[in-house]
file protein_21.cif (mmCIF, C-alpha atoms)
data_entry
#
loop_
_atom_site.group_PDB
_atom_site.id
_atom_site.type_symbol
_atom_site.label_atom_id
_atom_site.label_comp_id
_atom_site.auth_asym_id
_atom_site.auth_seq_id
_atom_site.Cartn_x
_atom_site.Cartn_y
_atom_site.Cartn_z
ATOM 1 C CA MET A 216 0.010 21.269 16.755
ATOM 2 C CA GLY A 217 -3.351 21.887 15.098
ATOM 3 C CA LEU A 218 -4.214 21.540 11.427
ATOM 4 C CA THR A 219 -1.822 19.982 8.953
ATOM 5 C CA ILE A 220 -2.054 19.083 5.280
ATOM 6 C CA GLY A 221 -1.515 15.622 3.869
ATOM 7 C CA VAL A 222 -0.600 15.087 0.232
ATOM 8 C CA ASP A 223 -1.008 11.773 -1.577
ATOM 9 C CA ILE A 224 0.793 11.539 -4.917
ATOM 10 C CA GLY A 225 -0.948 9.127 -7.268
ATOM 11 C CA GLY A 226 -0.248 8.079 -10.810
ATOM 12 C CA THR A 227 -3.079 10.217 -12.200
ATOM 13 C CA LYS A 228 -4.120 12.513 -9.336
ATOM 14 C CA ILE A 229 -2.451 14.436 -6.530
ATOM 15 C CA ALA A 230 -4.760 14.805 -3.535
ATOM 16 C CA ALA A 231 -4.226 17.279 -0.701
ATOM 17 C CA GLY A 232 -6.345 17.527 2.411
ATOM 18 C CA VAL A 233 -6.561 19.537 5.622
ATOM 19 C CA VAL A 234 -6.535 17.081 8.538
ATOM 20 C CA ASP A 235 -7.232 17.760 12.207
ATOM 21 C CA GLU A 236 -5.765 16.055 15.275
ATOM 22 C CA GLU A 237 -8.521 13.414 15.247
ATOM 23 C CA GLY A 238 -7.671 12.323 11.707
ATOM 24 C CA SER A 239 -10.738 13.957 10.169
ATOM 25 C CA ILE A 240 -10.349 15.488 6.717
ATOM 26 C CA LEU A 241 -11.826 18.975 6.700
ATOM 27 C CA GLU A 242 -11.201 19.945 3.099
ATOM 28 C CA THR A 243 -9.638 18.391 0.014
ATOM 29 C CA SER A 244 -8.303 19.395 -3.362
ATOM 30 C CA LYS A 245 -7.233 17.257 -6.317
ATOM 31 C CA VAL A 246 -5.130 18.094 -9.350
ATOM 32 C CA SER A 247 -3.938 15.945 -12.224
ATOM 33 C CA THR A 248 -0.463 14.451 -11.908
ATOM 34 C CA PRO A 249 1.798 16.196 -14.455
ATOM 35 C CA PRO A 250 4.110 14.141 -16.696
ATOM 36 C CA THR A 251 7.367 15.775 -15.551
ATOM 37 C CA PRO A 252 9.131 15.624 -12.154
ATOM 38 C CA GLU A 253 9.284 19.410 -11.839
ATOM 39 C CA GLY A 254 5.645 19.659 -12.861
ATOM 40 C CA VAL A 255 4.720 17.340 -10.010
ATOM 41 C CA VAL A 256 6.457 19.636 -7.514
ATOM 42 C CA ASP A 257 4.518 22.620 -8.862
ATOM 43 C CA ALA A 258 1.258 20.660 -8.733
ATOM 44 C CA ILE A 259 1.875 19.689 -5.093
ATOM 45 C CA ALA A 260 2.457 23.330 -4.216
ATOM 46 C CA ASP A 261 -0.697 24.406 -6.064
ATOM 47 C CA ALA A 262 -2.799 21.791 -4.274
ATOM 48 C CA VAL A 263 -1.411 22.817 -0.889
ATOM 49 C CA ARG A 264 -2.089 26.492 -1.529
ATOM 50 C CA THR A 265 -5.627 25.768 -2.707
ATOM 51 C CA VAL A 266 -6.623 23.596 0.215
ATOM 52 C CA SER A 267 -4.970 25.771 2.881
ATOM 53 C CA ALA A 268 -7.039 28.865 2.071
ATOM 54 C CA GLY A 269 -8.952 29.932 5.170
ATOM 55 C CA HIS A 270 -7.096 27.533 7.477
ATOM 56 C CA ASP A 271 -4.241 28.045 9.906
ATOM 57 C CA ILE A 272 -1.877 25.315 8.679
ATOM 58 C CA GLU A 273 1.146 24.235 10.716
ATOM 59 C CA ALA A 274 2.936 21.773 8.409
ATOM 60 C CA VAL A 275 2.637 19.586 5.316
ATOM 61 C CA GLY A 276 3.204 15.835 4.977
ATOM 62 C CA ILE A 277 3.767 14.273 1.556
ATOM 63 C CA GLY A 278 3.339 10.577 0.754
ATOM 64 C CA ALA A 279 5.453 9.596 -2.247
ATOM 65 C CA ALA A 280 5.751 6.186 -3.909
ATOM 66 C CA GLY A 281 9.453 5.486 -3.742
ATOM 67 C CA TYR A 282 12.476 5.363 -1.486
ATOM 68 C CA VAL A 283 12.652 8.333 0.893
ATOM 69 C CA ASP A 284 15.884 9.101 2.754
ATOM 70 C CA ASP A 285 16.331 8.876 6.513
ATOM 71 C CA LYS A 286 15.903 12.655 6.897
ATOM 72 C CA ARG A 287 12.430 12.435 5.305
ATOM 73 C CA ALA A 288 13.469 15.079 2.819
ATOM 74 C CA THR A 289 14.686 13.501 -0.423
ATOM 75 C CA VAL A 290 13.045 10.965 -2.697
ATOM 76 C CA ILE A 291 16.005 8.760 -3.535
ATOM 77 C CA PHE A 292 14.222 6.727 -6.188
ATOM 78 C CA ALA A 293 10.663 6.848 -7.523
ATOM 79 C CA PRO A 294 10.209 4.772 -10.673
ATOM 80 C CA ASN A 295 6.778 6.074 -11.621
ATOM 81 C CA ILE A 296 7.718 9.766 -11.491
ATOM 82 C CA ASN A 297 11.358 9.383 -12.519
ATOM 83 C CA TRP A 298 12.641 11.123 -9.402
ATOM 84 C CA ARG A 299 16.289 10.438 -8.604
ATOM 85 C CA HIS A 300 17.580 12.100 -5.406
ATOM 86 C CA GLU A 301 14.784 14.633 -5.668
ATOM 87 C CA ALA A 302 15.022 17.279 -2.894
ATOM 88 C CA LEU A 303 11.238 17.315 -2.520
ATOM 89 C CA LYS A 304 11.107 18.782 0.992
ATOM 90 C CA ASP A 305 13.195 21.847 0.116
ATOM 91 C CA LYS A 306 11.456 22.478 -3.193
ATOM 92 C CA VAL A 307 7.939 22.346 -1.721
ATOM 93 C CA GLU A 308 8.907 24.376 1.353
ATOM 94 C CA GLN A 309 10.233 27.123 -0.895
ATOM 95 C CA ARG A 310 6.941 27.245 -2.748
ATOM 96 C CA VAL A 311 4.456 27.061 0.142
ATOM 97 C CA GLY A 312 6.355 28.590 3.085
ATOM 98 C CA LEU A 313 5.489 25.767 5.488
ATOM 99 C CA PRO A 314 7.521 22.965 7.121
ATOM 100 C CA VAL A 315 7.358 19.806 4.996
ATOM 101 C CA VAL A 316 7.872 16.132 5.855
ATOM 102 C CA VAL A 317 8.249 13.580 3.048
ATOM 103 C CA GLU A 318 7.380 9.934 3.656
ATOM 104 C CA ASN A 319 6.975 6.774 1.615
ATOM 105 C CA ASP A 320 3.299 6.470 0.687
ATOM 106 C CA ALA A 321 2.872 2.970 2.117
ATOM 107 C CA ASN A 322 4.491 4.081 5.378
ATOM 108 C CA ALA A 323 2.106 7.023 5.490
ATOM 109 C CA ALA A 324 -0.894 4.744 4.900
ATOM 110 C CA ALA A 325 0.323 2.347 7.609
ATOM 111 C CA TRP A 326 0.660 5.212 10.061
ATOM 112 C CA GLY A 327 -2.825 6.459 9.194
ATOM 113 C CA GLU A 328 -4.319 3.023 9.879
ATOM 114 C CA TYR A 329 -2.339 2.673 13.097
ATOM 115 C CA ARG A 330 -3.428 6.047 14.443
ATOM 116 C CA PHE A 331 -6.991 6.334 13.205
ATOM 117 C CA GLY A 332 -8.035 3.054 11.580
ATOM 118 C CA ALA A 333 -7.797 -0.685 12.086
ATOM 119 C CA GLY A 334 -4.551 -0.440 14.084
ATOM 120 C CA GLN A 335 -6.009 1.461 17.013
ATOM 121 C CA GLY A 336 -5.341 -0.429 20.233
ATOM 122 C CA HIS A 337 -2.213 -2.114 18.849
ATOM 123 C CA ASP A 338 1.378 -1.002 19.443
ATOM 124 C CA ASP A 339 3.007 -3.514 17.087
ATOM 125 C CA VAL A 340 1.447 -3.589 13.643
ATOM 126 C CA VAL A 341 2.554 -4.629 10.171
ATOM 127 C CA CYS A 342 0.561 -3.287 7.228
ATOM 128 C CA ILE A 343 0.543 -4.494 3.656
ATOM 129 C CA THR A 344 -1.171 -2.802 0.738
ATOM 130 C CA LEU A 345 -2.409 -5.101 -2.014
ATOM 131 C CA GLY A 346 -2.810 -2.741 -4.937
ATOM 132 C CA THR A 347 -1.260 -2.749 -8.383
ATOM 133 C CA GLY A 348 1.896 -3.764 -6.531
ATOM 134 C CA LEU A 349 2.532 -4.656 -2.888
ATOM 135 C CA GLY A 350 3.693 -2.111 -0.306
ATOM 136 C CA GLY A 351 3.944 -2.082 3.451
ATOM 137 C CA GLY A 352 4.703 -0.363 6.711
ATOM 138 C CA ILE A 353 5.948 -1.394 10.141
ATOM 139 C CA ILE A 354 4.917 0.026 13.532
ATOM 140 C CA ILE A 355 7.009 -1.205 16.465
ATOM 141 C CA GLY A 356 6.294 -0.006 19.975
ATOM 142 C CA GLY A 357 4.060 2.732 18.628
ATOM 143 C CA LYS A 358 6.750 4.111 16.326
ATOM 144 C CA LEU A 359 7.085 3.935 12.554
ATOM 145 C CA HIS A 360 10.078 1.766 11.713
ATOM 146 C CA ARG A 361 11.862 3.258 8.705
ATOM 147 C CA GLY A 362 15.243 1.535 8.933
ATOM 148 C CA ARG A 363 18.684 3.121 9.040
ATOM 149 C CA PHE A 364 18.444 4.541 5.519
ATOM 150 C CA GLY A 365 14.697 5.200 5.494
ATOM 151 C CA VAL A 366 13.700 2.459 3.074
ATOM 152 C CA ALA A 367 12.429 -0.361 5.306
ATOM 153 C CA ALA A 368 9.211 -2.323 4.647
ATOM 154 C CA GLU A 369 9.596 -2.686 0.874
ATOM 155 C CA PHE A 370 7.865 -6.024 1.274
ATOM 156 C CA GLY A 371 6.813 -6.270 -2.339
ATOM 157 C CA HIS A 372 10.409 -6.774 -3.371
ATOM 158 C CA VAL A 373 11.275 -9.584 -0.996
ATOM 159 C CA ARG A 374 12.164 -12.501 -3.260
ATOM 160 C CA VAL A 375 9.845 -15.416 -2.539
ATOM 161 C CA VAL A 376 10.626 -17.503 -5.647
ATOM 162 C CA PRO A 377 14.303 -17.822 -6.611
ATOM 163 C CA ASP A 378 14.652 -17.030 -10.323
ATOM 164 C CA GLY A 379 10.885 -16.498 -10.475
ATOM 165 C CA LEU A 380 8.844 -14.001 -12.455
ATOM 166 C CA LEU A 381 10.612 -10.841 -13.608
ATOM 167 C CA CYS A 382 9.619 -7.822 -11.532
ATOM 168 C CA GLY A 383 9.488 -4.191 -12.588
ATOM 169 C CA CYS A 384 12.233 -3.494 -10.073
ATOM 170 C CA GLY A 385 14.614 -5.604 -12.178
ATOM 171 C CA SER A 386 14.764 -8.559 -9.793
ATOM 172 C CA GLN A 387 13.028 -11.925 -10.122
ATOM 173 C CA GLY A 388 10.533 -13.711 -7.926
ATOM 174 C CA CYS A 389 9.424 -10.681 -5.883
ATOM 175 C CA TRP A 390 6.431 -11.148 -3.583
ATOM 176 C CA GLU A 391 4.336 -8.581 -5.463
ATOM 177 C CA GLN A 392 4.536 -10.712 -8.592
ATOM 178 C CA TYR A 393 2.458 -13.303 -6.735
ATOM 179 C CA ALA A 394 0.316 -11.208 -4.364
ATOM 180 C CA SER A 395 -0.992 -8.016 -5.984
ATOM 181 C CA GLY A 396 -3.655 -6.719 -8.326
ATOM 182 C CA ARG A 397 -1.438 -7.470 -11.308
ATOM 183 C CA ALA A 398 -0.952 -11.038 -10.082
ATOM 184 C CA LEU A 399 -4.708 -11.492 -9.649
ATOM 185 C CA VAL A 400 -5.367 -10.501 -13.258
ATOM 186 C CA ARG A 401 -2.603 -12.823 -14.470
ATOM 187 C CA TYR A 402 -4.064 -15.750 -12.519
ATOM 188 C CA ALA A 403 -7.513 -15.118 -13.957
ATOM 189 C CA LYS A 404 -6.272 -14.865 -17.537
ATOM 190 C CA GLN A 405 -4.268 -18.067 -17.220
ATOM 191 C CA ARG A 406 -7.154 -20.009 -15.723
ATOM 192 C CA ALA A 407 -9.739 -18.636 -18.143
ATOM 193 C CA ASN A 408 -7.492 -19.630 -21.032
ATOM 194 C CA ALA A 409 -7.007 -23.151 -19.648
ATOM 195 C CA THR A 410 -10.648 -23.824 -18.672
ATOM 196 C CA PRO A 411 -12.956 -21.313 -20.378
ATOM 197 C CA GLU A 412 -15.960 -23.444 -19.460
ATOM 198 C CA ASN A 413 -15.336 -22.513 -15.801
ATOM 199 C CA ALA A 414 -15.044 -18.787 -16.586
ATOM 200 C CA ALA A 415 -18.315 -18.118 -18.375
ATOM 201 C CA VAL A 416 -19.359 -15.251 -16.097
ATOM 202 C CA LEU A 417 -15.875 -13.762 -15.997
ATOM 203 C CA LEU A 418 -15.426 -13.835 -19.758
ATOM 204 C CA GLY A 419 -18.916 -12.430 -20.263
ATOM 205 C CA LEU A 420 -18.054 -9.350 -18.216
ATOM 206 C CA GLY A 421 -15.157 -8.517 -20.557
ATOM 207 C CA ASP A 422 -14.823 -8.855 -24.289
ATOM 208 C CA GLY A 423 -15.196 -12.627 -24.246
ATOM 209 C CA THR A 424 -11.465 -13.356 -24.322
ATOM 210 C CA PRO A 425 -8.977 -14.025 -21.512
ATOM 211 C CA GLU A 426 -6.919 -11.062 -22.726
ATOM 212 C CA GLY A 427 -9.836 -8.719 -22.032
ATOM 213 C CA ILE A 428 -10.127 -9.620 -18.330
ATOM 214 C CA GLN A 429 -9.666 -6.718 -15.908
ATOM 215 C CA GLY A 430 -9.537 -6.566 -12.134
ATOM 216 C CA LYS A 431 -13.096 -5.257 -11.793
ATOM 217 C CA HIS A 432 -14.358 -8.190 -13.861
ATOM 218 C CA ILE A 433 -12.740 -10.680 -11.493
ATOM 219 C CA SER A 434 -14.373 -9.078 -8.444
ATOM 220 C CA ASP A 435 -17.814 -8.973 -10.047
ATOM 221 C CA ALA A 436 -17.527 -12.523 -11.350
ATOM 222 C CA ALA A 437 -16.377 -13.897 -7.987
ATOM 223 C CA ARG A 438 -19.433 -12.396 -6.297
ATOM 224 C CA GLN A 439 -21.560 -14.228 -8.879
ATOM 225 C CA GLY A 440 -19.860 -17.530 -8.089
ATOM 226 C CA ASP A 441 -17.588 -17.810 -11.135
ATOM 227 C CA PRO A 442 -15.163 -20.692 -10.360
ATOM 228 C CA VAL A 443 -12.152 -19.185 -12.136
ATOM 229 C CA ALA A 444 -12.587 -15.790 -10.460
ATOM 230 C CA ILE A 445 -12.915 -17.370 -7.012
ATOM 231 C CA ASP A 446 -9.913 -19.622 -7.593
ATOM 232 C CA SER A 447 -7.846 -16.620 -8.732
ATOM 233 C CA PHE A 448 -8.585 -14.811 -5.469
ATOM 234 C CA ARG A 449 -7.659 -17.955 -3.545
ATOM 235 C CA GLU A 450 -4.317 -18.167 -5.339
ATOM 236 C CA LEU A 451 -3.506 -14.546 -4.525
ATOM 237 C CA ALA A 452 -4.585 -15.132 -0.914
ATOM 238 C CA ARG A 453 -2.386 -18.222 -0.663
ATOM 239 C CA TRP A 454 0.688 -16.171 -1.505
ATOM 240 C CA ALA A 455 -0.372 -13.207 0.614
ATOM 241 C CA GLY A 456 -1.045 -15.323 3.703
ATOM 242 C CA ALA A 457 2.200 -17.261 3.353
ATOM 243 C CA GLY A 458 4.079 -13.966 3.177
ATOM 244 C CA LEU A 459 2.374 -12.707 6.310
ATOM 245 C CA ALA A 460 3.477 -15.881 8.099
ATOM 246 C CA ASP A 461 7.084 -15.071 7.175
ATOM 247 C CA LEU A 462 6.640 -11.494 8.409
ATOM 248 C CA ALA A 463 5.269 -12.865 11.698
ATOM 249 C CA SER A 464 8.550 -14.730 12.155
ATOM 250 C CA LEU A 465 10.408 -11.458 11.646
ATOM 251 C CA PHE A 466 8.304 -8.917 13.554
ATOM 252 C CA ASP A 467 5.791 -10.836 15.722
ATOM 253 C CA PRO A 468 3.106 -8.109 15.551
ATOM 254 C CA SER A 469 -0.218 -8.303 17.340
ATOM 255 C CA ALA A 470 -2.005 -7.402 14.092
ATOM 256 C CA PHE A 471 -1.556 -7.384 10.355
ATOM 257 C CA ILE A 472 -3.590 -4.797 8.493
ATOM 258 C CA VAL A 473 -4.388 -5.554 4.863
ATOM 259 C CA GLY A 474 -5.216 -2.545 2.694
ATOM 260 C CA GLY A 475 -5.101 -1.556 -0.951
ATOM 261 C CA GLY A 476 -7.627 -2.001 -3.721
ATOM 262 C CA VAL A 477 -7.620 -5.804 -3.608
ATOM 263 C CA SER A 478 -8.582 -5.773 0.071
ATOM 264 C CA ASP A 479 -11.757 -3.841 -0.763
ATOM 265 C CA GLU A 480 -13.272 -7.230 -1.609
ATOM 266 C CA GLY A 481 -13.557 -7.953 2.114
ATOM 267 C CA ASP A 482 -13.885 -11.555 3.251
ATOM 268 C CA LEU A 483 -13.731 -12.768 -0.345
ATOM 269 C CA VAL A 484 -9.983 -12.261 -0.077
ATOM 270 C CA LEU A 485 -9.400 -11.764 3.663
ATOM 271 C CA GLU A 486 -10.731 -15.132 4.837
ATOM 272 C CA PRO A 487 -8.487 -17.082 2.424
ATOM 273 C CA ILE A 488 -5.547 -14.901 3.494
ATOM 274 C CA ARG A 489 -6.249 -15.745 7.143
ATOM 275 C CA LYS A 490 -6.476 -19.432 6.299
ATOM 276 C CA SER A 491 -3.163 -19.365 4.421
ATOM 277 C CA PHE A 492 -1.533 -17.371 7.231
ATOM 278 C CA ARG A 493 -2.543 -19.998 9.786
ATOM 279 C CA ARG A 494 -1.406 -22.801 7.465
ATOM 280 C CA TRP A 495 2.118 -21.432 7.009
ATOM 281 C CA LEU A 496 2.740 -19.860 10.426
ATOM 282 C CA VAL A 497 5.625 -21.705 12.065
ATOM 283 C CA GLY A 498 4.508 -23.304 15.328
ATOM 284 C CA ASN A 499 0.926 -22.309 14.580
ATOM 285 C CA GLN A 500 -0.538 -24.910 16.953
ATOM 286 C CA TRP A 501 1.253 -23.527 19.981
ATOM 287 C CA ARG A 502 1.984 -19.845 19.478
ATOM 288 C CA PRO A 503 -0.369 -16.847 19.664
ATOM 289 C CA HIS A 504 -1.733 -15.739 16.299
ATOM 290 C CA ALA A 505 -1.693 -12.148 15.146
ATOM 291 C CA GLN A 506 -5.005 -10.790 13.957
ATOM 292 C CA VAL A 507 -5.385 -10.229 10.215
ATOM 293 C CA LEU A 508 -7.559 -7.141 9.874
ATOM 294 C CA ALA A 509 -9.063 -5.214 6.983
ATOM 295 C CA ALA A 510 -7.893 -1.635 6.616
ATOM 296 C CA GLN A 511 -10.561 0.899 7.563
ATOM 297 C CA LEU A 512 -9.501 4.180 5.972
ATOM 298 C CA GLY A 513 -9.450 3.045 2.351
ATOM 299 C CA GLY A 514 -7.918 5.503 -0.067
ATOM 300 C CA LYS A 515 -7.714 8.196 2.623
ATOM 301 C CA ALA A 516 -5.089 6.380 4.707
ATOM 302 C CA GLY A 517 -2.035 7.813 2.959
ATOM 303 C CA LEU A 518 -3.268 11.396 3.071
ATOM 304 C CA VAL A 519 -4.341 11.184 6.724
ATOM 305 C CA GLY A 520 -1.137 9.384 7.732
ATOM 306 C CA ALA A 521 1.112 11.897 5.935
ATOM 307 C CA ALA A 522 -0.673 14.780 7.634
ATOM 308 C CA ASP A 523 -0.277 13.184 11.057
ATOM 309 C CA LEU A 524 3.403 12.442 10.480
ATOM 310 C CA ALA A 525 3.885 16.115 9.653
ATOM 311 C CA ARG A 526 2.211 16.889 12.979
ATOM 312 C CA GLN A 527 4.645 14.580 14.771
ATOM 313 C CA GLY A 528 7.508 16.596 13.292
#
call {"tool": "encode", "arguments": {"input": "protein_21.cif", "output": "structure tokens"}}
result
Amino acid sequence: MGLTIGVDIGGTKIAAGVVDEEGSILETSKVSTPPTPEGVVDAIADAVRTVSAGHDIEAVGIGAAGYVDDKRATVIFAPNINWRHEALKDKVEQRVGLPVVVENDANAAAWGEYRFGAGQGHDDVVCITLGTGLGGGIIIGGKLHRGRFGVAAEFGHVRVVPDGLLCGCGSQGCWEQYASGRALVRYAKQRANATPENAAVLLGLGDGTPEGIQGKHISDAARQGDPVAIDSFRELARWAGAGLADLASLFDPSAFIVGGGVSDEGDLVLEPIRKSFRRWLVGNQWRPHAQVLAAQLGGKAGLVGAADLARQG
């Protein structure tokens, strides 16, 4: 199969791109994400039609944030778009006249990294995405592991603290409440409030108050040596690395790939994650250690992975 289209559905933008067999994006189109579920379907179709002009397209892959059924056709539950048993495959196929595959967005990103990014050379890979929340994907023996019902690798909602912080999913103590972009901002605000004298740079980048701290401020302040910003990254990394150690006990991959916006900070966050992973890995003195690698494709991973999954059929 030749050219396929990948679609990445974001909270504000829907991106579509023509992708070749080498994972290269030949052309892209972006449209704003509409406020209604049916509007999103129409926007996906419009983006696909726009980007496919002048290309011989074989299939379309869509990465959607939510639970996708085992047939890769229906979005069972997507909290941010309010889809409930949305027959996305059929609706988009009717509009664009091409075969469509629907996949969870984190699974699509994991597949993109495995095929064309940091996962090349590995057959057993676990990916986590540290963004606003925490997502993931599992590759076992060169195949995407989706589970019996299609909703495997929802790592962000593994409970790591019994009766811990309330999560948006309705549960308590979920991993993403302790290892995510939201968690990072919470750590920084708490620490800046407790010891403002150690957060002078961080507070100066915002409005001067802990409440005004944003993620970009924490990154900039950490690079300038702000103690509170650095300590906030270390706290996130402690939780992230400990979680990876638990996943190693479950899946024993040769590599973990860490993606998402938080991972863009490079060794500022990756080195502490590696340290925490080694600290909490059971039998760490005697067993082989999986590599902890930075994702390579950035924001393109989901689009490229969705397109390649459509190519796989």
call {"tool": "closest_residue", "arguments": {"input": "protein_21.cif", "among": "A:Leu418, A:Ile433, A:Cys384, A:Ile272", "to": "Gly348 (chain A)", "atoms": "all atoms listed in the file"}}
result
A:Cys384
call {"tool": "closest_residue", "arguments": {"input": "protein_21.cif", "among": "A:Gly276, A:Gly371, A:Pro468, A:Gly481", "to": "Ile355 (chain A)", "atoms": "all atoms listed in the file"}}
result
A:Pro468
call {"tool": "closest_residue", "arguments": {"input": "protein_21.cif", "among": "A:Val373, A:Ala333, A:Leu349, A:Ala288", "to": "Ala516 (chain A)", "atoms": "all atoms listed in the file"}}
result
A:Ala333
call {"tool": "closest_residue", "arguments": {"input": "protein_21.cif", "among": "A:Ser244, A:Thr251, A:Ser469, A:Gln387", "to": "Ala268 (chain A)", "atoms": "only C-alpha atoms"}}
result
A:Ser244
call {"tool": "closest_residue", "arguments": {"input": "protein_21.cif", "among": "A:Ala460, A:Ile353, A:Val443, A:Val263", "to": "Gly365 (chain A)", "atoms": "all atoms listed in the file"}}
result
A:Ile353
call {"tool": "residues_around", "arguments": {"input": "protein_21.cif", "residues": "Ala403 (chain A)", "least_positions_apart": "3", "cutoff": "12 Å", "atoms": "only C-alpha atoms", "output": "number ranges by chain"}}
result
A: 396-400, 406-411, 413-414, 417-418, 424-434, 436-437, 441-451
call {"tool": "resolve_selection", "arguments": {"input": "protein_21.cif", "expression": "the PyMOL selection byres ((chain A and resi 486-497) around 7)", "output": "list in words"}}
result
Arg449, Ala452, Arg453, Ala455, Gly456, Ala457, Leu459, Ala460, Asp482, Leu483, Val484, Leu485, Gly498, Asn499 and Val507 of chain A
call {"tool": "residues_around", "arguments": {"input": "protein_21.cif", "residues": "Ala280 (chain A)", "least_positions_apart": "2", "cutoff": "7 Å", "atoms": "all atoms listed in the file", "output": "VMD selection string"}}
result
chain A and resid 278 293 319 to 320
call {"tool": "resolve_selection", "arguments": {"input": "protein_21.cif", "expression": "the PyMOL selection byres ((chain A and resi 518) around 8)", "output": "number ranges by chain"}}
result
A: 221-223, 230-232, 277-278, 323-324, 327, 515-517, 519-522
call {"tool": "residues_around", "arguments": {"input": "protein_21.cif", "residues": "region 470-478 of chain A", "least_positions_apart": "2", "cutoff": "6 Å", "atoms": "all atoms listed in the file", "output": "list in words"}}
result
Val340, Val341, Cys342, Ile343, Thr344, Leu345, Gly346, Pro468, Glu480, Gly481, Ala505, Gln506, Val507, Leu508, Ala509 and Ala510 of chain A
call {"tool": "closest_residue", "arguments": {"input": "protein_21.cif", "among": "A:Ile220, A:Ile229, A:Val376, A:Ala325", "to": "Ala274 (chain A)", "atoms": "only C-alpha atoms"}}
result
A:Ile220
call {"tool": "atom_distance", "arguments": {"input": "protein_21.cif", "atom1": "CA of Ser239 (chain A)", "atom2": "CA of Asp338 (chain A)"}}
result
21.4 Å
call {"tool": "atom_distance", "arguments": {"input": "protein_21.cif", "atom1": "CA of Ile224 (chain A)", "atom2": "CA of Asp461 (chain A)"}}
result
29.9 Å
